[in-house]
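**Student:** I'm passing along data28.csv; it holds CSV, C-alpha atoms.
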```csv
chain,number,residue,atom,x,y,z
Q,12,MET,CA,-112.8,39.5,-191.2
Q,13,PRO,CA,-111.5,35.9,-191.8
Q,14,LEU,CA,-114.1,33.1,-192.1
Q,15,THR,CA,-113.9,30.6,-189.3
Q,16,LEU,CA,-113.4,27.1,-190.7
Q,17,SER,CA,-114.3,23.7,-189.2
Q,18,PRO,CA,-111.5,21.6,-187.7
Q,19,GLY,CA,-111.1,19.3,-190.7
Q,20,ARG,CA,-111.1,22.0,-193.4
Q,21,TYR,CA,-108.6,24.1,-191.4
Q,22,ARG,CA,-106.3,21.2,-190.8
Q,23,GLY,CA,-106.6,20.1,-194.4
Q,24,LEU,CA,-105.3,23.5,-195.6
Q,25,LYS,CA,-102.6,23.6,-192.9
Q,26,SER,CA,-101.4,20.1,-193.8
Q,27,SER,CA,-101.1,21.1,-197.4
Q,28,SER,CA,-99.1,24.2,-196.7
Q,29,LEU,CA,-95.4,25.0,-196.4
Q,30,ALA,CA,-94.0,24.3,-192.9
Q,31,GLY,CA,-94.4,27.5,-190.8
Q,32,ARG,CA,-96.2,29.4,-193.6
Q,33,ASP,CA,-99.8,29.4,-194.7
Q,34,VAL,CA,-99.0,29.2,-198.4
Q,35,PHE,CA,-99.1,26.4,-200.9
Q,36,GLY,CA,-96.3,24.7,-202.9
Q,37,ILE,CA,-98.1,21.8,-204.3
Q,38,VAL,CA,-97.0,19.3,-207.0
Q,39,ALA,CA,-99.7,18.0,-209.3
Q,40,PHE,CA,-99.6,14.7,-211.0
Q,41,ASP,CA,-103.3,13.7,-211.4
Q,42,GLN,CA,-103.3,13.5,-215.2
Q,43,ARG,CA,-104.8,10.4,-216.6
Q,44,GLY,CA,-105.9,10.6,-220.3
Q,45,SER,CA,-103.1,13.1,-221.2
Q,46,TYR,CA,-100.7,11.1,-219.1
Q,47,ARG,CA,-101.4,8.0,-221.2
Q,48,ARG,CA,-100.7,9.9,-224.3
Q,49,MET,CA,-97.3,11.1,-222.8
Q,50,MET,CA,-96.3,7.5,-222.3
Q,51,PRO,CA,-95.4,4.8,-224.9
Q,52,ALA,CA,-98.5,3.3,-226.5
Q,53,ASP,CA,-97.9,-0.2,-225.0
Q,54,SER,CA,-97.5,1.0,-221.4
Q,55,SER,CA,-99.4,-1.1,-218.9
Q,56,TYR,CA,-101.3,0.0,-215.9
Q,57,GLY,CA,-98.3,-1.1,-213.9
Q,58,ASP,CA,-96.0,1.1,-216.0
Q,59,LEU,CA,-98.2,4.1,-215.5
Q,60,ALA,CA,-98.5,3.6,-211.8
Q,61,ARG,CA,-94.8,3.0,-211.4
Q,62,VAL,CA,-93.7,6.2,-213.1
Q,63,LYS,CA,-96.2,8.2,-210.9
Q,64,ASN,CA,-94.7,6.5,-207.9
Q,65,GLU,CA,-91.2,7.5,-208.9
Q,66,VAL,CA,-92.1,11.1,-209.7
Q,67,ILE,CA,-94.3,11.6,-206.6
Q,68,GLY,CA,-91.8,9.8,-204.4
Q,69,ALA,CA,-88.9,12.0,-205.5
Q,70,LEU,CA,-90.8,15.4,-205.2
Q,71,SER,CA,-93.0,14.7,-202.1
Q,72,SER,CA,-90.0,15.3,-199.7
Q,73,GLU,CA,-90.0,19.0,-200.8
Q,74,ALA,CA,-93.6,19.8,-201.8
Q,75,SER,CA,-96.0,21.1,-199.3
Q,76,ALA,CA,-98.5,18.6,-200.8
Q,77,ILE,CA,-99.1,16.3,-203.7
Q,78,LEU,CA,-102.1,16.2,-205.9
Q,79,THR,CA,-102.8,12.9,-207.6
Q,80,ASP,CA,-105.6,10.6,-208.8
Q,81,PRO,CA,-107.2,7.4,-207.6
Q,82,THR,CA,-106.5,5.5,-210.9
Q,83,TYR,CA,-102.7,5.5,-211.2
Q,84,GLY,CA,-101.6,7.6,-208.2
Q,85,ILE,CA,-103.0,5.9,-205.1
Q,86,GLY,CA,-100.0,3.5,-204.7
Q,87,ALA,CA,-97.7,6.5,-204.9
Q,88,ALA,CA,-99.8,8.3,-202.3
Q,89,MET,CA,-99.3,5.4,-199.9
Q,90,ARG,CA,-95.5,5.5,-200.4
Q,91,MET,CA,-94.8,9.3,-200.6
Q,92,ASN,CA,-93.1,11.3,-198.0
Q,93,GLY,CA,-95.3,11.5,-194.9
Q,94,LYS,CA,-94.6,15.2,-194.2
Q,95,SER,CA,-96.4,16.1,-197.5
Q,96,GLY,CA,-100.1,16.7,-197.6
Q,97,LEU,CA,-102.3,14.8,-200.0
Q,98,LEU,CA,-105.0,16.0,-202.4
Q,99,LEU,CA,-107.0,13.6,-204.5
Q,100,ALA,CA,-108.9,14.4,-207.7
Q,101,LEU,CA,-112.7,13.8,-207.8
Q,102,GLU,CA,-113.5,14.5,-211.5
Q,103,LYS,CA,-113.4,12.1,-214.4
Q,104,SER,CA,-110.7,12.8,-216.9
Q,105,GLY,CA,-111.7,14.8,-219.9
Q,106,TYR,CA,-115.3,16.1,-220.6
Q,107,SER,CA,-118.5,15.1,-222.3
Q,108,GLY,CA,-120.2,17.1,-225.0
Q,109,ASP,CA,-118.4,18.9,-227.8
Q,110,ALA,CA,-115.3,21.1,-227.5
Q,111,SER,CA,-117.4,24.3,-227.2
Q,112,TYR,CA,-119.9,22.9,-224.7
Q,113,ARG,CA,-118.0,20.9,-222.1
Q,114,ARG,CA,-119.6,19.0,-219.3
Q,115,THR,CA,-117.8,17.7,-216.3
Q,116,GLU,CA,-118.4,14.2,-214.8
Q,117,LEU,CA,-117.4,12.6,-211.5
Q,118,ILE,CA,-115.3,9.4,-211.4
Q,119,PRO,CA,-117.9,6.6,-211.1
Q,120,GLY,CA,-117.7,5.0,-207.6
Q,121,TRP,CA,-115.4,7.7,-206.2
Q,122,THR,CA,-116.7,10.1,-203.6
Q,123,ALA,CA,-115.5,12.7,-201.0
Q,124,GLU,CA,-116.3,10.1,-198.4
Q,125,LYS,CA,-113.8,7.7,-200.0
Q,126,ILE,CA,-111.2,10.5,-200.3
Q,127,ARG,CA,-111.5,11.2,-196.6
Q,128,LYS,CA,-111.3,7.5,-195.8
Q,129,ALA,CA,-108.2,7.2,-198.1
Q,130,GLY,CA,-106.4,9.7,-195.8
Q,131,ALA,CA,-106.4,12.7,-198.0
Q,132,ASN,CA,-106.2,16.3,-196.7
Q,133,ALA,CA,-108.3,17.9,-199.4
Q,134,VAL,CA,-110.3,17.3,-202.6
Q,135,LYS,CA,-109.5,18.8,-206.0
Q,136,PHE,CA,-112.3,19.2,-208.5
Q,137,MET,CA,-111.7,20.5,-212.1
Q,138,VAL,CA,-114.4,21.9,-214.3
Q,139,TYR,CA,-114.2,23.3,-217.8
Q,140,TYR,CA,-115.9,26.6,-217.4
Q,141,ASN,CA,-116.7,29.8,-219.3
Q,142,PRO,CA,-119.1,32.3,-217.8
Q,143,GLN,CA,-120.3,33.1,-221.3
Q,144,SER,CA,-121.7,29.6,-221.7
Q,145,GLU,CA,-124.9,30.8,-220.0
Q,146,ALA,CA,-127.1,27.8,-219.2
Q,147,LEU,CA,-124.1,25.4,-219.0
Q,148,ALA,CA,-122.3,27.9,-216.6
Q,149,VAL,CA,-125.4,27.9,-214.3
Q,150,GLU,CA,-125.6,24.0,-214.5
Q,151,LEU,CA,-121.9,23.8,-213.6
Q,152,GLU,CA,-122.2,26.2,-210.7
Q,153,ALA,CA,-125.0,24.1,-209.2
Q,154,MET,CA,-122.8,21.0,-209.6
Q,155,ILE,CA,-119.9,22.7,-207.9
Q,156,ARG,CA,-122.2,23.7,-205.0
Q,157,ARG,CA,-123.2,20.0,-204.6
Q,158,VAL,CA,-119.6,18.9,-204.6
Q,159,VAL,CA,-118.7,21.6,-202.1
Q,160,ASP,CA,-121.6,20.4,-199.8
Q,161,GLU,CA,-120.4,16.8,-200.1
Q,162,CYS,CA,-116.7,17.7,-199.3
Q,163,HIS,CA,-117.7,19.9,-196.4
Q,164,ARG,CA,-120.0,17.1,-195.1
Q,165,TRP,CA,-116.8,15.1,-194.7
Q,166,ASP,CA,-114.9,18.1,-193.4
Q,167,LEU,CA,-112.6,18.3,-196.4
Q,168,PRO,CA,-111.5,21.5,-198.0
Q,169,LEU,CA,-112.1,21.8,-201.8
Q,170,PHE,CA,-109.6,23.1,-204.3
Q,171,LEU,CA,-111.7,24.1,-207.3
Q,172,GLU,CA,-109.9,24.2,-210.7
Q,173,PRO,CA,-111.9,26.0,-213.4
Q,174,MET,CA,-110.3,25.6,-216.9
Q,175,SER,CA,-111.4,28.2,-219.4
Q,176,TYR,CA,-112.1,27.4,-223.0
Q,177,SER,CA,-113.7,29.0,-226.1
Q,178,VAL,CA,-117.4,28.6,-226.5
Q,179,ASP,CA,-117.0,29.6,-230.2
Q,180,ALA,CA,-116.1,26.5,-232.2
Q,181,ASP,CA,-114.3,28.8,-234.8
Q,182,VAL,CA,-112.1,30.5,-232.2
Q,183,ALA,CA,-109.3,28.3,-230.7
Q,184,LYS,CA,-108.1,28.9,-227.1
Q,185,GLU,CA,-104.6,29.3,-228.5
Q,186,SER,CA,-105.7,32.1,-230.9
Q,187,ALA,CA,-105.1,35.8,-230.7
Q,188,ALA,CA,-108.9,36.3,-230.7
Q,189,TYR,CA,-109.3,34.3,-227.5
Q,190,ALA,CA,-106.2,35.9,-226.0
Q,191,ALA,CA,-107.9,39.3,-226.3
Q,192,VAL,CA,-110.7,38.2,-224.0
Q,193,ARG,CA,-108.9,35.6,-221.8
Q,194,ALA,CA,-108.3,37.9,-218.9
Q,195,GLU,CA,-111.9,39.0,-218.8
Q,196,ILE,CA,-113.0,35.3,-218.8
Q,197,VAL,CA,-110.6,34.2,-216.1
Q,198,ILE,CA,-111.2,37.1,-213.8
Q,199,GLU,CA,-115.0,36.8,-214.1
Q,200,THR,CA,-114.7,33.0,-213.5
Q,201,ALA,CA,-112.8,33.8,-210.2
Q,202,ARG,CA,-115.4,36.3,-209.2
Q,203,ARG,CA,-118.3,33.8,-209.7
Q,204,LEU,CA,-116.8,30.5,-208.6
Q,205,SER,CA,-115.1,31.9,-205.5
Q,206,ARG,CA,-118.6,32.4,-204.2
Q,207,THR,CA,-119.7,28.8,-204.6
Q,208,GLY,CA,-118.3,27.7,-201.2
Q,209,ALA,CA,-115.0,26.3,-202.6
Q,210,ASP,CA,-112.1,26.8,-200.2
Q,211,VAL,CA,-109.3,27.6,-202.7
Q,212,LEU,CA,-109.3,28.3,-206.4
Q,213,LYS,CA,-106.7,26.7,-208.7
Q,214,MET,CA,-106.5,29.3,-211.5
Q,215,GLU,CA,-104.7,29.5,-214.8
Q,216,PHE,CA,-102.6,32.6,-215.6
Q,217,PRO,CA,-105.0,35.3,-216.7
Q,218,LEU,CA,-103.1,36.2,-219.8
Q,219,ASP,CA,-101.8,34.3,-222.8
Q,220,ILE,CA,-98.1,35.0,-222.6
Q,221,GLN,CA,-97.6,34.1,-226.3
Q,222,TYR,CA,-99.4,37.3,-227.1
Q,223,ASP,CA,-98.6,39.5,-224.1
Q,224,GLN,CA,-95.1,39.5,-222.6
Q,225,ASP,CA,-95.4,42.8,-220.8
Q,226,HIS,CA,-94.9,42.1,-217.1
Q,227,ALA,CA,-96.8,45.3,-216.2
Q,228,SER,CA,-99.8,43.8,-217.9
Q,229,TRP,CA,-99.2,40.5,-216.0
Q,230,ARG,CA,-99.2,42.3,-212.7
Q,231,GLN,CA,-102.4,44.2,-213.5
Q,232,ALA,CA,-104.3,41.1,-214.6
Q,233,CYS,CA,-103.1,39.1,-211.5
Q,234,ALA,CA,-104.1,41.9,-209.2
Q,235,LYS,CA,-107.5,42.1,-210.7
Q,236,LEU,CA,-107.9,38.3,-210.3
Q,237,SER,CA,-106.9,38.6,-206.6
Q,238,ASP,CA,-109.4,41.4,-206.2
Q,239,ALA,CA,-112.2,39.4,-207.8
Q,240,SER,CA,-111.6,36.2,-205.8
Q,241,ALA,CA,-113.3,35.9,-202.4
Q,242,VAL,CA,-111.1,33.0,-201.5
Q,243,PRO,CA,-107.4,32.2,-201.7
Q,244,TRP,CA,-106.2,31.2,-205.2
Q,245,VAL,CA,-103.1,29.3,-206.4
Q,246,LEU,CA,-101.5,29.3,-209.8
Q,247,LEU,CA,-101.6,26.2,-212.0
Q,248,SER,CA,-98.9,25.6,-214.7
Q,249,ALA,CA,-101.2,24.4,-217.5
Q,250,GLY,CA,-98.4,22.4,-219.1
Q,251,VAL,CA,-96.1,25.3,-219.9
Q,252,ASP,CA,-92.3,25.0,-219.6
Q,253,PHE,CA,-90.7,25.8,-216.4
Q,254,GLU,CA,-88.9,28.8,-217.9
Q,255,GLN,CA,-92.4,30.3,-218.7
Q,256,PHE,CA,-94.0,29.3,-215.4
Q,257,GLN,CA,-91.4,30.6,-213.0
Q,258,PRO,CA,-92.0,34.3,-213.9
Q,259,GLN,CA,-95.7,33.7,-213.9
Q,260,ALA,CA,-95.5,32.3,-210.4
Q,261,GLN,CA,-93.3,35.2,-209.2
Q,262,ILE,CA,-95.7,37.8,-210.4
Q,263,ALA,CA,-98.9,35.9,-209.4
Q,264,CYS,CA,-97.5,35.5,-205.8
Q,265,GLU,CA,-96.4,39.1,-205.6
Q,266,CYS,CA,-99.9,40.1,-206.7
Q,267,GLY,CA,-102.0,38.1,-204.3
Q,268,ALA,CA,-101.8,34.4,-205.1
Q,269,SER,CA,-101.4,32.0,-202.2
Q,270,GLY,CA,-98.8,29.9,-203.9
Q,271,PHE,CA,-98.8,27.4,-206.8
Q,272,LEU,CA,-100.2,24.0,-207.7
Q,273,ALA,CA,-98.0,22.9,-210.6
Q,274,GLY,CA,-97.3,19.7,-212.4
Q,275,ARG,CA,-95.7,19.4,-215.9
Q,276,ALA,CA,-93.7,22.6,-215.6
Q,277,ILE,CA,-91.7,20.7,-212.9
Q,278,TRP,CA,-91.6,17.1,-214.1
Q,279,LYS,CA,-93.0,16.6,-217.6
Q,280,GLU,CA,-89.7,15.4,-219.2
Q,281,ALA,CA,-89.5,12.6,-216.7
Q,282,ALA,CA,-92.5,10.7,-218.2
Q,283,SER,CA,-90.6,9.8,-221.4
Q,284,MET,CA,-87.2,8.9,-219.8
Q,285,ALA,CA,-85.8,5.5,-219.0
Q,286,GLU,CA,-85.8,4.7,-215.3
Q,287,GLY,CA,-82.2,5.6,-214.5
Q,288,GLU,CA,-82.3,8.8,-216.5
Q,289,ARG,CA,-85.7,9.7,-214.9
Q,290,CYS,CA,-84.3,9.1,-211.4
Q,291,ALA,CA,-81.4,11.5,-212.0
Q,292,PHE,CA,-83.6,14.1,-213.6
Q,293,LEU,CA,-86.1,14.0,-210.7
Q,294,ARG,CA,-83.4,14.3,-208.0
Q,295,GLY,CA,-81.6,17.0,-210.0
Q,296,VAL,CA,-83.5,19.3,-212.4
Q,297,ALA,CA,-87.0,18.7,-211.2
Q,298,THR,CA,-86.2,19.1,-207.5
Q,299,ASP,CA,-84.2,22.2,-208.3
Q,300,ARG,CA,-87.2,23.6,-210.2
Q,301,LEU,CA,-89.5,22.9,-207.3
Q,302,LYS,CA,-87.2,24.5,-204.8
Q,303,GLN,CA,-87.1,27.7,-206.9
Q,304,LEU,CA,-90.9,27.8,-206.9
Q,305,LEU,CA,-91.1,27.1,-203.2
Q,306,ALA,CA,-88.7,30.0,-202.5
Q,307,ILE,CA,-91.0,32.3,-204.5
Q,308,ALA,CA,-94.1,31.1,-202.6
Q,309,ALA,CA,-92.4,31.3,-199.2
Q,310,ALA,CA,-91.2,34.9,-199.9
Q,311,GLU,CA,-94.1,36.4,-201.8
Q,312,ALA,CA,-97.3,34.5,-201.6
Q,313,ARG,CA,-100.3,35.8,-199.7
Q,314,PRO,CA,-101.1,33.5,-196.7
Q,315,TRP,CA,-104.5,31.8,-196.9
Q,316,SER,CA,-104.9,32.5,-193.2
Q,317,GLU,CA,-105.8,36.1,-194.2
Q,318,PHE,CA,-109.0,34.5,-195.4
Q,319,TYR,CA,-109.6,31.8,-192.8
Q,320,ALA,CA,-109.4,31.4,-189.1
Q,321,PRO,CA,-109.2,28.2,-187.0
Q,322,PRO,CA,-112.3,27.2,-185.0
Q,323,GLN,CA,-112.9,28.6,-181.6
Q,324,THR,CA,-113.3,25.6,-179.3
Q,325,THR,CA,-114.8,25.1,-175.8
Q,326,GLU,CA,-114.4,22.3,-173.4
Q,327,THR,CA,-117.2,20.3,-175.0
Q,328,TRP,CA,-116.9,21.5,-178.6
Q,329,TYR,CA,-116.8,17.9,-179.9
Q,330,GLU,CA,-120.3,17.2,-178.7
Q,331,THR,CA,-121.8,19.3,-181.5
Q,332,TYR,CA,-119.1,18.6,-184.0
Q,333,ALA,CA,-120.8,17.2,-187.1
```
Would you put the structure from the file into structure tokens?
**Tutor:**
Amino acid sequence: MPLTLSPGRYRGLKSSSLAGRDVFGIVAFDQRGSYRRMMPADSSYGDLARVKNEVIGALSSEASAILTDPTYGIGAAMRMNGKSGLLLALEKSGYSGDASYRRTELIPGWTAEKIRKAGANAVKFMVYYNPQSEALAVELEAMIRRVVDECHRWDLPLFLEPMSYSVDADVAKESAAYAAVRAEIVIETARRLSRTGADVLKMEFPLDIQYDQDHASWRQACAKLSDASAVPWVLLSAGVDFEQFQPQAQIACECGASGFLAGRAIWKEAASMAEGERCAFLRGVATDRLKQLLAIAAAEARPWSEFYAPPQTTETWYETYA
């Protein structure tokens, strides 16, 4: 039976969905540290904010929602197409600790309350997570629950993004050794973190397609992920090229994903282009890529409303609305 949501959380999901369909086609541009590295070394704050404004402005007329950050993206959020929903990131860019023991931190001075007051429809929170990290995994799960409580206190839905990584310093995430256990880690992550109270999971593809290009395996892994997750999940692009991401999105949506939340697969070439070239690319290639992904989501994705129902109201419902 679908879980009944509060008015704000239900409206937040609805406002971030494709018109007439309860599925997501969200463009992400909340990168900060990696974004700075994509841009020329002498780029100013104004340069970084301006490019985000151009990318978000061009794609927000098609996307069901935009995910951005408060550092470089808030100006773009104020100028983007009004029919598109808005998600704002809560976490600090990067992580503390070493590469095999990654802690997540919140942006200082930035809260769910401020995200609500800024007019966003939902919060996005990213954590580096591996269920095999034992004590750290437990610590992060407790942190996630605190963030969930704070978001729900302000009646905002939370999109939780767990990024897997290797807890063995001698095994790189890009290696064949990690690829052999990646599906197990991603699926177990979905099982555990979908029970923290987060409203939607933003998940990476469960297989490393550099080592497994068998679409039957892809379908099996995505179906297992869907079975493991107690909440809707969307596919992230994780920086892969569009030609790699499109078939991933197709199979993920056919196997239970509720859409996609993708960034660089759609727009990454634009960051290094001159303004005129960037404008043409965004209106042409990037928009066409987004439309192809939106068509997949509209036709194949599992509606999040199979998980959630709107609140049942009475004449005086607002008197007890917290």
**Student:** Set the distance at 9 Å and use only C-alpha atoms: which residues neighbour Pro243 in chain Q once local chain neighbours fewer than 6 positions away are removed? I'd like the list as a PyMOL selection string.
**Tutor:** chain Q and resi 205+210-213+237+267-269+313-318
**Student:** Nearest residue to Ala123 in chain Q out of Q:Trp229, Q:Tyr21, Q:Phe136, Q:Tyr189, using only C-alpha atoms?
**Tutor:**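 Ranking Q:Trp229, Q:Tyr21, Q:Phe136, Q:Tyr189 by distance to Ala123 in chain Q, first place goes to Q:Phe136.
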**Student:** Which is closer to Gly19 in chain Q than all the others in Q:Phe253, Q:Trp165, Q:Tyr139, Q:Phe271, using only C-alpha atoms?
**Tutor:**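 Nearest candidate to Gly19 in chain Q out of Q:Phe253, Q:Trp165, Q:Tyr139, Q:Phe271: Q:Trp165.
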**Student:** Using all atoms listed in the file, which of the listed residues (Q:Asp179, Q:Phe35, Q:Ala146, Q:Ala153) sits closest to Ile307 in chain Q?
**Tutor:**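 The answer is Q:Phe35, which sits nearest to Ile307 in chain Q.
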**Student:** For range 275-281 of chain Q, list every protein, DNA or RNA residue within 8 Å, evaluated using all atoms listed in the file, and leave out those in the same chain fewer than 3 positions away; present the list as a ChimeraX atom specification.
**Tutor:** /Q:39-40,66,248-253,256,284,289,292-293,297-298,300-301
**Student:** Okay, now the selection with C-alpha atoms, as a JSON list (two decimals), in the frame of the given file?
**Tutor:**
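Output below, filename part_7.json:
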```json
[["chain", "number", "residue", "atom", "x", "y", "z"],
["Q", 39, "ALA", "CA", -99.70, 18.00, -209.30],
["Q", 40, "PHE", "CA", -99.60, 14.70, -211.00],
["Q", 66, "VAL", "CA", -92.10, 11.10, -209.70],
["Q", 248, "SER", "CA", -98.90, 25.60, -214.70],
["Q", 249, "ALA", "CA", -101.20, 24.40, -217.50],
["Q", 250, "GLY", "CA", -98.40, 22.40, -219.10],
["Q", 251, "VAL", "CA", -96.10, 25.30, -219.90],
["Q", 252, "ASP", "CA", -92.30, 25.00, -219.60],
["Q", 253, "PHE", "CA", -90.70, 25.80, -216.40],
["Q", 256, "PHE", "CA", -94.00, 29.30, -215.40],
["Q", 284, "MET", "CA", -87.20, 8.90, -219.80],
["Q", 289, "ARG", "CA", -85.70, 9.70, -214.90],
["Q", 292, "PHE", "CA", -83.60, 14.10, -213.60],
["Q", 293, "LEU", "CA", -86.10, 14.00, -210.70],
["Q", 297, "ALA", "CA", -87.00, 18.70, -211.20],
["Q", 298, "THR", "CA", -86.20, 19.10, -207.50],
["Q", 300, "ARG", "CA", -87.20, 23.60, -210.20],
["Q", 301, "LEU", "CA", -89.50, 22.90, -207.30]]
```
**Student:** From the options Q:Thr82, Q:Asn141, Q:Ser104, Q:Thr324, which residue's atoms come nearest to Lys63 in chain Q, counting only C-alpha atoms?
**Tutor:**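 Looking at the shortest contact to Lys63 in chain Q, the residue is Q:Thr82.
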**Student:** Pull the neighbourhood of (-112.1, 8.9, -200.2) for me: all residues within 12 Å in file coordinates, counting only C-alpha atoms, as a CSV table (one decimal) with C-alpha atoms, in the frame of the given file.
**Tutor:**
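Final file, result.csv:
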```
chain,number,residue,atom,x,y,z
Q,80,ASP,CA,-105.6,10.6,-208.8
Q,81,PRO,CA,-107.2,7.4,-207.6
Q,85,ILE,CA,-103.0,5.9,-205.1
Q,97,LEU,CA,-102.3,14.8,-200.0
Q,98,LEU,CA,-105.0,16.0,-202.4
Q,99,LEU,CA,-107.0,13.6,-204.5
Q,100,ALA,CA,-108.9,14.4,-207.7
Q,101,LEU,CA,-112.7,13.8,-207.8
Q,118,ILE,CA,-115.3,9.4,-211.4
Q,120,GLY,CA,-117.7,5.0,-207.6
Q,121,TRP,CA,-115.4,7.7,-206.2
Q,122,THR,CA,-116.7,10.1,-203.6
Q,123,ALA,CA,-115.5,12.7,-201.0
Q,124,GLU,CA,-116.3,10.1,-198.4
Q,125,LYS,CA,-113.8,7.7,-200.0
Q,126,ILE,CA,-111.2,10.5,-200.3
Q,127,ARG,CA,-111.5,11.2,-196.6
Q,128,LYS,CA,-111.3,7.5,-195.8
Q,129,ALA,CA,-108.2,7.2,-198.1
Q,130,GLY,CA,-106.4,9.7,-195.8
Q,131,ALA,CA,-106.4,12.7,-198.0
Q,132,ASN,CA,-106.2,16.3,-196.7
Q,133,ALA,CA,-108.3,17.9,-199.4
Q,134,VAL,CA,-110.3,17.3,-202.6
Q,135,LYS,CA,-109.5,18.8,-206.0
Q,161,GLU,CA,-120.4,16.8,-200.1
Q,162,CYS,CA,-116.7,17.7,-199.3
Q,165,TRP,CA,-116.8,15.1,-194.7
Q,166,ASP,CA,-114.9,18.1,-193.4
Q,167,LEU,CA,-112.6,18.3,-196.4
```
**Student:** So how many Å separate CA of Arg22 in chain Q and CA of Gly93 in chain Q, to one decimal?
**Tutor:**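 For CA of Arg22 in chain Q relative to CA of Gly93 in chain Q, the distance reads 15.2 Å.
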**Student:** Please indicate the distance in Å from CA of Ser177 in chain Q to CA of Ala191 in chain Q, rounded to one decimal place.
**Tutor:** 11.8 Å
**Student:** May I ask for the distance between CA of Ala148 in chain Q and CA of Pro173 in chain Q, given in Å to one decimal place?
**Tutor:** 11.0 Å
**Student:** Looking at all atoms listed in the file, which of Q:Arg47, Q:Arg156, Q:Lys25, Q:Arg202 is the one that sits closest to Ser95 in chain Q?
**Tutor:**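 Looking only at the distances to Ser95 in chain Q, the closest residue turns out to be Q:Lys25.
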**Student:** Please return as a PDB file with C-alpha atoms, in the coordinates of the input every residue within 10 Å of (-114.7, 40.6, -214.0), taking into account only C-alpha atoms and the file's own coordinates.
**Tutor:**
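Written file, out01.pdb:
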```
ATOM      1  CA  ALA Q 194    -108.300  37.900-218.900  1.00  0.00           C
ATOM      2  CA  GLU Q 195    -111.900  39.000-218.800  1.00  0.00           C
ATOM      3  CA  ILE Q 196    -113.000  35.300-218.800  1.00  0.00           C
ATOM      4  CA  VAL Q 197    -110.600  34.200-216.100  1.00  0.00           C
ATOM      5  CA  ILE Q 198    -111.200  37.100-213.800  1.00  0.00           C
ATOM      6  CA  GLU Q 199    -115.000  36.800-214.100  1.00  0.00           C
ATOM      7  CA  THR Q 200    -114.700  33.000-213.500  1.00  0.00           C
ATOM      8  CA  ALA Q 201    -112.800  33.800-210.200  1.00  0.00           C
ATOM      9  CA  ARG Q 202    -115.400  36.300-209.200  1.00  0.00           C
ATOM     10  CA  ARG Q 203    -118.300  33.800-209.700  1.00  0.00           C
ATOM     11  CA  LYS Q 235    -107.500  42.100-210.700  1.00  0.00           C
ATOM     12  CA  LEU Q 236    -107.900  38.300-210.300  1.00  0.00           C
ATOM     13  CA  ASP Q 238    -109.400  41.400-206.200  1.00  0.00           C
ATOM     14  CA  ALA Q 239    -112.200  39.400-207.800  1.00  0.00           C
ATOM     15  CA  SER Q 240    -111.600  36.200-205.800  1.00  0.00           C
TER      16      SER Q 240
END
```
**Student:** Please determine, counting all atoms listed in the file, which residue among Q:Gln42, Q:Gln323, Q:Gln224, Q:Thr79 has the shortest atom-to-atom distance to Ile67 in chain Q.
**Tutor:**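 So, comparing all the options, the nearest one is Q:Thr79.
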**Student:** For Gln221 in chain Q, find every residue with an atom within 10 Å (counting only C-alpha atoms), except residues of its own chain fewer than 3 positions away, and show them as number ranges by chain.
**Tutor:** Q: 185-187, 190, 218, 224, 255
**Student:** With N, CA, C and O atoms retained, output range 266-273 of chain Q as a PDB file, in the first residue's frame.
**Tutor:**
```
ATOM      1  N   CYS Q 266      13.345  -1.470 -15.953  1.00  0.00           N
ATOM      2  CA  CYS Q 266      13.473  -2.419 -14.848  1.00  0.00           C
ATOM      3  C   CYS Q 266      13.154  -1.802 -13.492  1.00  0.00           C
ATOM      4  O   CYS Q 266      13.565  -2.346 -12.457  1.00  0.00           O
ATOM      5  N   GLY Q 267      12.424  -0.671 -13.493  1.00  0.00           N
ATOM      6  CA  GLY Q 267      11.911  -0.182 -12.222  1.00  0.00           C
ATOM      7  C   GLY Q 267      12.350   1.186 -11.763  1.00  0.00           C
ATOM      8  O   GLY Q 267      11.828   1.681 -10.759  1.00  0.00           O
ATOM      9  N   ALA Q 268      13.297   1.828 -12.430  1.00  0.00           N
ATOM     10  CA  ALA Q 268      13.691   3.181 -12.037  1.00  0.00           C
ATOM     11  C   ALA Q 268      12.554   4.151 -12.331  1.00  0.00           C
ATOM     12  O   ALA Q 268      11.780   3.961 -13.276  1.00  0.00           O
ATOM     13  N   SER Q 269      12.467   5.210 -11.540  1.00  0.00           N
ATOM     14  CA  SER Q 269      11.420   6.225 -11.723  1.00  0.00           C
ATOM     15  C   SER Q 269      11.910   7.429 -12.512  1.00  0.00           C
ATOM     16  O   SER Q 269      11.361   8.525 -12.396  1.00  0.00           O
ATOM     17  N   GLY Q 270      12.935   7.207 -13.328  1.00  0.00           N
ATOM     18  CA  GLY Q 270      13.447   8.268 -14.176  1.00  0.00           C
ATOM     19  C   GLY Q 270      14.941   8.437 -14.004  1.00  0.00           C
ATOM     20  O   GLY Q 270      15.653   7.503 -13.614  1.00  0.00           O
ATOM     21  N   PHE Q 271      15.424   9.635 -14.286  1.00  0.00           N
ATOM     22  CA  PHE Q 271      16.860   9.902 -14.224  1.00  0.00           C
ATOM     23  C   PHE Q 271      17.107  11.260 -13.585  1.00  0.00           C
ATOM     24  O   PHE Q 271      16.238  12.136 -13.551  1.00  0.00           O
ATOM     25  N   LEU Q 272      18.330  11.413 -13.059  1.00  0.00           N
ATOM     26  CA  LEU Q 272      18.803  12.692 -12.550  1.00  0.00           C
ATOM     27  C   LEU Q 272      20.235  12.804 -13.034  1.00  0.00           C
ATOM     28  O   LEU Q 272      21.166  12.324 -12.396  1.00  0.00           O
ATOM     29  N   ALA Q 273      20.411  13.392 -14.212  1.00  0.00           N
ATOM     30  CA  ALA Q 273      21.674  13.322 -14.941  1.00  0.00           C
ATOM     31  C   ALA Q 273      22.233  14.699 -15.236  1.00  0.00           C
ATOM     32  O   ALA Q 273      21.482  15.647 -15.467  1.00  0.00           O
TER      33      ALA Q 273
END
```
